Amino acid sequence: MSETKATLLKAPFELSYKYKRSSGPIMSQVFEGLAKKKILGSKSKANKVYAPAAEYDPHTREALTELIEVGPGGIIESWSWVHQPSNHHLIQTPFAFALIKLDGADTAMLHMISDCEKSDLAIGNRVKAVWSETPTESIADIQHFILDI
Amino acid sequence: MSNDQAPKDYRESLIHLEYQYTAGSATTTFLNQVKEGRLVGQACPKCQAVYVPPRGSCPRDGIATTIEVPLTDKGCIESFTVVHIPIPGNPIVPPYVCAMVRLDKANISFLHLIQGVEIDNIRIGMRIQAVWKPKEEWTHSLENIKWFAPIDEPDIDVSTLRFQAS
Ligand SMILES: [Zn+2]
């Protein structure tokens with residue numbers, strides 16, 4: 001017996017894992033900083049600043065323990081426009097995912113740029129963080145970035 | 001940073017994925033039969049291997065399994081494991097036994113529960129039969145079978161179950 005396409009069985013399927021994880025001694029400070037509207041980066045012995053913060057230097061493998069404040073402004077290093085956000089996105093109107101090099105940092109951080117038109121965006125444009133008023137000690141404490149021209 | 005500073009306690013890190021699962025024709029046919037309390041596998045027209053649950057093709061020959069093969073709900077334990085660690089959200093209380101169930105005439109096995117027997121008495125080759133839920137509760141799911149329970153028949157030497165291409 002064969003089934004036509006119209007009669008194929010379908011069902012919603014949800015996969016959910018409720019993990020708890022420790023942020024560790026370094027990243028805990030970073031998340032606590034976000035709740036206080038501070039973005040912390042990691043400074044290496046060679047004065048290279050990683051933001052987002054890292055626990056180890058990806059080049060020298062040294063443990064990174066010194067945290068310094070970076071941002072809250074920065075420049076767009078690259079971006080990608082989301083025309084139609086899905087219900088999983090934190091922003092429900094068209095926005096951009098962007099790599100943002102924060103002031104004082106040598107690396108770029110992935111975040112979102114909102115409250116702008118696609119035509120407003122260009123690599124090198126300045127942006128600044130917009131903070132959540134209900135901090136949760138997570139990266140979402142930065143709601144998004146906006147253009148700062 | 002000072003070393004005596006305690007790391008922050010644990011943070012929730014929820015991973016949640018939503019899918020729309022489409023069964024495909026072989027699984028749809030199989031589950032429509034399961035809803036009626038029947039277990040129907042599919043055989044490969046070339047090597048004659050019987051697959052249950054069928055996936056619609058023979059991985060050995062790469063062709064569609066077009067022959068329907070009605071099976072009984074009897075078989076044997078091909079292998080099993082005793083689960084001691086509780087799984088969050090799983091209503092079954094450990095320790096319990098999951099087994100690869102090999103139905104008679106089938107050439108593959110599927111995972112199901114074993115109940116109705118002391119765990120220490122469960123063994124490979126043991127004869128078992130499905131224990132079904134009440135008919136009113138049957139849906140398109142192998143959960144229509146509550147579990148498999150031992151039956152009073154001599155054990156099977158599972159080495160004889162090895163597939164021999166005909
Ligand atoms: Zn075959």
# chains A, B, ... in the order shown; residues from 1 in each chain; ligands from 1
call {"tool": "residues_around", "arguments": {"residues": "stretch 140-142 of chain A", "least_positions_apart": "3", "cutoff": "9 Å", "atoms": "only C-alpha atoms", "output": "list in words"}}
result
Phe31, Leu34, Ala35, Lys36, Lys37, Leu90, His111, Ala129, Val130, Trp131, Ser132, Glu133, Thr134, Pro135, Thr136, Glu137 and Phe145 of chain A
call {"tool": "residues_near_ligand", "arguments": {"ligand": "ligand 1", "cutoff": "10 Å", "atoms": "only C-alpha atoms and all ligand atoms", "output": "PyMOL selection string"}}
result
chain B and resi 43-51+57-65+165-166
call {"tool": "interface_residues", "arguments": {"of": "chain A", "to": "chain B", "cutoff": "12 Å", "atoms": "only C-alpha atoms", "output": "ChimeraX atom specification"}}
result
/A:1-32,42,64-68,87-88,136-138
call {"tool": "residues_around", "arguments": {"residues": "stretch 142-147 of chain B", "least_positions_apart": "6", "cutoff": "8 Å", "atoms": "only C-alpha atoms", "output": "list in words"}}
result
Leu31, Val34, Lys35, Gly37, His112, Leu113, Ile114, Gln115, Ala130, Val131, Trp132 and Lys133 of chain B
call {"tool": "residues_around", "arguments": {"residues": "stretch 119-121 of chain B", "least_positions_apart": "2", "cutoff": "10 Å", "atoms": "only C-alpha atoms", "output": "CSV table (one decimal) with N, CA and C atoms, in the first residue's frame"}}
result
chain,number,residue,atom,x,y,z
B,81,THR,N,19.8,-3.1,28.1
B,81,THR,CA,20.6,-2.3,29.1
B,81,THR,C,19.8,-2.0,30.2
B,82,VAL,N,20.3,-1.9,31.4
B,82,VAL,CA,19.6,-1.5,32.6
B,82,VAL,C,19.9,0.0,32.8
B,95,PRO,N,15.5,1.7,38.6
B,95,PRO,CA,16.1,1.1,37.4
B,95,PRO,C,15.0,0.4,36.5
B,96,TYR,N,15.2,0.5,35.2
B,96,TYR,CA,14.4,-0.1,34.2
B,96,TYR,C,15.2,-0.6,33.0
B,97,VAL,N,14.6,-1.4,32.2
B,97,VAL,CA,15.4,-2.1,31.1
B,97,VAL,C,14.9,-1.7,29.8
B,114,ILE,N,11.3,-3.3,28.6
B,114,ILE,CA,10.9,-4.7,29.1
B,114,ILE,C,10.4,-4.5,30.5
B,115,GLN,N,9.2,-5.1,30.7
B,115,GLN,CA,8.7,-5.1,32.1
B,115,GLN,C,8.1,-6.5,32.4
B,116,GLY,N,7.6,-6.6,33.6
B,116,GLY,CA,6.9,-7.9,34.0
B,116,GLY,C,7.9,-9.0,34.3
B,117,VAL,N,9.1,-8.6,34.7
B,117,VAL,CA,10.1,-9.6,35.0
B,117,VAL,C,11.2,-9.0,35.9
B,123,ARG,N,17.5,-11.8,30.1
B,123,ARG,CA,18.7,-12.3,29.4
B,123,ARG,C,18.5,-12.1,27.9
B,126,MET,N,15.9,-14.1,25.4
B,126,MET,CA,14.6,-14.3,26.1
B,126,MET,C,13.4,-14.1,25.1
call {"tool": "select_by_dssp", "arguments": {"residues": "chain B", "states": "helix (DSSP H, G or I)", "output": "ChimeraX atom specification"}}
result
/B:24-35,119-121,135-137,142-144,158-161
call {"tool": "write_last_selection", "arguments": {"atoms": "C-alpha atoms", "output": "PDB file, in the first residue's frame"}}
result
ATOM      1  CA  GLY B  24       7.364   9.714   4.809  1.00  0.00           C
ATOM      2  CA  SER B  25       5.426   6.989   3.009  1.00  0.00           C
ATOM      3  CA  ALA B  26       6.997   3.895   4.626  1.00  0.00           C
ATOM      4  CA  THR B  27       6.642   5.208   8.179  1.00  0.00           C
ATOM      5  CA  THR B  28       3.138   6.543   7.457  1.00  0.00           C
ATOM      6  CA  THR B  29       2.047   3.117   6.218  1.00  0.00           C
ATOM      7  CA  PHE B  30       3.665   1.442   9.228  1.00  0.00           C
ATOM      8  CA  LEU B  31       2.113   3.805  11.776  1.00  0.00           C
ATOM      9  CA  ASN B  32      -1.340   3.567  10.168  1.00  0.00           C
ATOM     10  CA  GLN B  33      -1.113  -0.187  10.809  1.00  0.00           C
ATOM     11  CA  VAL B  34       0.233   0.322  14.328  1.00  0.00           C
ATOM     12  CA  LYS B  35      -2.837   2.419  15.056  1.00  0.00           C
ATOM     13  CA  ILE B 119      15.739  -7.291  36.103  1.00  0.00           C
ATOM     14  CA  ASP B 120      18.199  -9.985  37.212  1.00  0.00           C
ATOM     15  CA  ASN B 121      16.265 -12.563  35.188  1.00  0.00           C
ATOM     16  CA  LYS B 135      -7.490  -0.217  22.154  1.00  0.00           C
ATOM     17  CA  GLU B 136      -9.224   3.129  22.832  1.00  0.00           C
ATOM     18  CA  GLU B 137      -5.816   4.676  23.495  1.00  0.00           C
ATOM     19  CA  LEU B 142       4.778   2.434  18.943  1.00  0.00           C
ATOM     20  CA  GLU B 143       3.822   3.659  22.404  1.00  0.00           C
ATOM     21  CA  ASN B 144       0.592   1.729  21.742  1.00  0.00           C
ATOM     22  CA  VAL B 158      20.711 -14.993  18.973  1.00  0.00           C
ATOM     23  CA  SER B 159      23.710 -16.048  16.872  1.00  0.00           C
ATOM     24  CA  THR B 160      21.140 -17.764  14.615  1.00  0.00           C
ATOM     25  CA  LEU B 161      19.528 -14.372  13.982  1.00  0.00           C
TER      26      LEU B 161
END
call {"tool": "select_by_dssp", "arguments": {"residues": "chain B", "states": "strand (DSSP E or B)", "output": "PyMOL selection string"}}
result
chain B and resi 11-22+39-43+50-51+57-58+63-64+67-71+74-83+96-103+110-114+127-132+145-150
call {"tool": "residues_around", "arguments": {"residues": "A:Asp106", "least_positions_apart": "3", "cutoff": "12 Å", "atoms": "only C-alpha atoms", "output": "PyMOL selection string"}}
result
chain A and resi 41-44+46-53+70-71+74-75+77+100-103+109
call {"tool": "atom_distance", "arguments": {"atom1": "atom CA of A:Leu147", "atom2": "atom CA of A:Ala108"}}
result
16.3 Å
call {"tool": "atom_distance", "arguments": {"atom1": "atom CA of B:Trp138", "atom2": "atom CA of B:Val101"}}
result
20.2 Å
call {"tool": "atom_distance", "arguments": {"atom1": "atom CA of A:Leu121", "atom2": "atom CA of A:Pro94"}}
result
12.7 Å
call {"tool": "closest_residue", "arguments": {"among": "A:Gln143, A:Pro72, A:Tyr56, A:Phe95", "to": "A:Lys38", "atoms": "only C-alpha atoms"}}
result
A:Pro72
call {"tool": "decode", "arguments": {"residues": "stretch 23-36 of chain B", "atoms": "all heavy atoms", "output": "mmCIF file, in the first residue's frame"}}
result
data_model
loop_
_atom_site.group_PDB
_atom_site.id
_atom_site.type_symbol
_atom_site.label_atom_id
_atom_site.label_comp_id
_atom_site.auth_asym_id
_atom_site.auth_seq_id
_atom_site.Cartn_x
_atom_site.Cartn_y
_atom_site.Cartn_z
ATOM 1 N N ALA B 23 6.441 12.061 8.277
ATOM 2 C CA ALA B 23 6.808 10.658 8.463
ATOM 3 C C ALA B 23 7.365 10.005 7.200
ATOM 4 O O ALA B 23 8.154 9.081 7.287
ATOM 5 C CB ALA B 23 5.608 9.876 8.976
ATOM 6 N N GLY B 24 6.965 10.439 6.012
ATOM 7 C CA GLY B 24 7.364 9.714 4.809
ATOM 8 C C GLY B 24 6.439 8.534 4.572
ATOM 9 O O GLY B 24 5.710 8.107 5.468
ATOM 10 N N SER B 25 6.452 7.977 3.361
ATOM 11 C CA SER B 25 5.426 6.989 3.009
ATOM 12 C C SER B 25 5.595 5.680 3.776
ATOM 13 O O SER B 25 4.610 5.102 4.232
ATOM 14 C CB SER B 25 5.422 6.743 1.499
ATOM 15 O OG SER B 25 6.661 6.222 1.089
ATOM 16 N N ALA B 26 6.822 5.179 3.944
ATOM 17 C CA ALA B 26 6.997 3.895 4.626
ATOM 18 C C ALA B 26 6.565 3.993 6.087
ATOM 19 O O ALA B 26 5.827 3.136 6.593
ATOM 20 C CB ALA B 26 8.449 3.438 4.536
ATOM 21 N N THR B 27 6.992 5.052 6.764
ATOM 22 C CA THR B 27 6.642 5.208 8.179
ATOM 23 C C THR B 27 5.152 5.488 8.338
ATOM 24 O O THR B 27 4.515 5.007 9.274
ATOM 25 C CB THR B 27 7.490 6.330 8.806
ATOM 26 O OG1 THR B 27 8.868 6.013 8.613
ATOM 27 C CG2 THR B 27 7.224 6.463 10.286
ATOM 28 N N THR B 28 4.581 6.285 7.399
ATOM 29 C CA THR B 28 3.138 6.543 7.457
ATOM 30 C C THR B 28 2.355 5.236 7.356
ATOM 31 O O THR B 28 1.439 4.975 8.150
ATOM 32 C CB THR B 28 2.722 7.501 6.319
ATOM 33 O OG1 THR B 28 3.332 8.776 6.552
ATOM 34 C CG2 THR B 28 1.221 7.676 6.265
ATOM 35 N N THR B 29 2.730 4.405 6.385
ATOM 36 C CA THR B 29 2.047 3.117 6.218
ATOM 37 C C THR B 29 2.183 2.273 7.486
ATOM 38 O O THR B 29 1.212 1.701 7.984
ATOM 39 C CB THR B 29 2.647 2.344 5.026
ATOM 40 O OG1 THR B 29 2.565 3.184 3.873
ATOM 41 C CG2 THR B 29 1.896 1.055 4.768
ATOM 42 N N PHE B 30 3.403 2.228 8.021
ATOM 43 C CA PHE B 30 3.665 1.442 9.228
ATOM 44 C C PHE B 30 2.821 1.936 10.399
ATOM 45 O O PHE B 30 2.149 1.149 11.082
ATOM 46 C CB PHE B 30 5.158 1.518 9.563
ATOM 47 C CG PHE B 30 5.529 0.859 10.854
ATOM 48 C CD1 PHE B 30 5.534 -0.527 10.974
ATOM 49 C CD2 PHE B 30 5.879 1.618 11.961
ATOM 50 C CE1 PHE B 30 5.869 -1.145 12.173
ATOM 51 C CE2 PHE B 30 6.216 1.006 13.167
ATOM 52 C CZ PHE B 30 6.209 -0.374 13.280
ATOM 53 N N LEU B 31 2.816 3.270 10.607
ATOM 54 C CA LEU B 31 2.113 3.805 11.776
ATOM 55 C C LEU B 31 0.593 3.696 11.619
ATOM 56 O O LEU B 31 -0.123 3.545 12.609
ATOM 57 C CB LEU B 31 2.542 5.258 12.027
ATOM 58 C CG LEU B 31 3.989 5.427 12.502
ATOM 59 C CD1 LEU B 31 4.339 6.895 12.666
ATOM 60 C CD2 LEU B 31 4.240 4.676 13.817
ATOM 61 N N ASN B 32 0.100 3.786 10.379
ATOM 62 C CA ASN B 32 -1.340 3.567 10.168
ATOM 63 C C ASN B 32 -1.735 2.153 10.598
ATOM 64 O O ASN B 32 -2.827 1.935 11.127
ATOM 65 C CB ASN B 32 -1.717 3.805 8.701
ATOM 66 C CG ASN B 32 -1.823 5.302 8.380
ATOM 67 O OD1 ASN B 32 -2.031 6.124 9.273
ATOM 68 N ND2 ASN B 32 -1.669 5.644 7.101
ATOM 69 N N GLN B 33 -0.843 1.195 10.368
ATOM 70 C CA GLN B 33 -1.113 -0.187 10.809
ATOM 71 C C GLN B 33 -0.974 -0.300 12.322
ATOM 72 O O GLN B 33 -1.761 -0.985 12.976
ATOM 73 C CB GLN B 33 -0.114 -1.145 10.136
ATOM 74 C CG GLN B 33 -0.161 -1.134 8.616
ATOM 75 C CD GLN B 33 -1.201 -2.090 8.058
ATOM 76 O OE1 GLN B 33 -2.022 -2.620 8.782
ATOM 77 N NE2 GLN B 33 -1.147 -2.301 6.743
ATOM 78 N N VAL B 34 0.029 0.368 12.874
ATOM 79 C CA VAL B 34 0.233 0.322 14.328
ATOM 80 C C VAL B 34 -0.998 0.848 15.048
ATOM 81 O O VAL B 34 -1.395 0.349 16.100
ATOM 82 C CB VAL B 34 1.490 1.133 14.717
ATOM 83 C CG1 VAL B 34 1.533 1.409 16.215
ATOM 84 C CG2 VAL B 34 2.752 0.389 14.292
ATOM 85 N N LYS B 35 -1.628 1.860 14.445
ATOM 86 C CA LYS B 35 -2.837 2.419 15.056
ATOM 87 C C LYS B 35 -3.944 1.371 15.157
ATOM 88 O O LYS B 35 -4.817 1.446 16.009
ATOM 89 C CB LYS B 35 -3.324 3.622 14.229
ATOM 90 C CG LYS B 35 -4.436 4.399 14.909
ATOM 91 C CD LYS B 35 -4.684 5.719 14.207
ATOM 92 C CE LYS B 35 -5.659 6.599 14.976
ATOM 93 N NZ LYS B 35 -6.987 6.010 15.141
ATOM 94 N N GLU B 36 -3.899 0.374 14.251
ATOM 95 C CA GLU B 36 -4.892 -0.709 14.271
ATOM 96 C C GLU B 36 -4.377 -1.923 15.036
ATOM 97 O O GLU B 36 -4.987 -2.997 14.992
ATOM 98 C CB GLU B 36 -5.256 -1.104 12.830
ATOM 99 C CG GLU B 36 -5.742 0.050 11.960
ATOM 100 C CD GLU B 36 -6.949 0.757 12.564
ATOM 101 O OE1 GLU B 36 -7.817 0.068 13.123
ATOM 102 O OE2 GLU B 36 -6.989 2.014 12.498
#
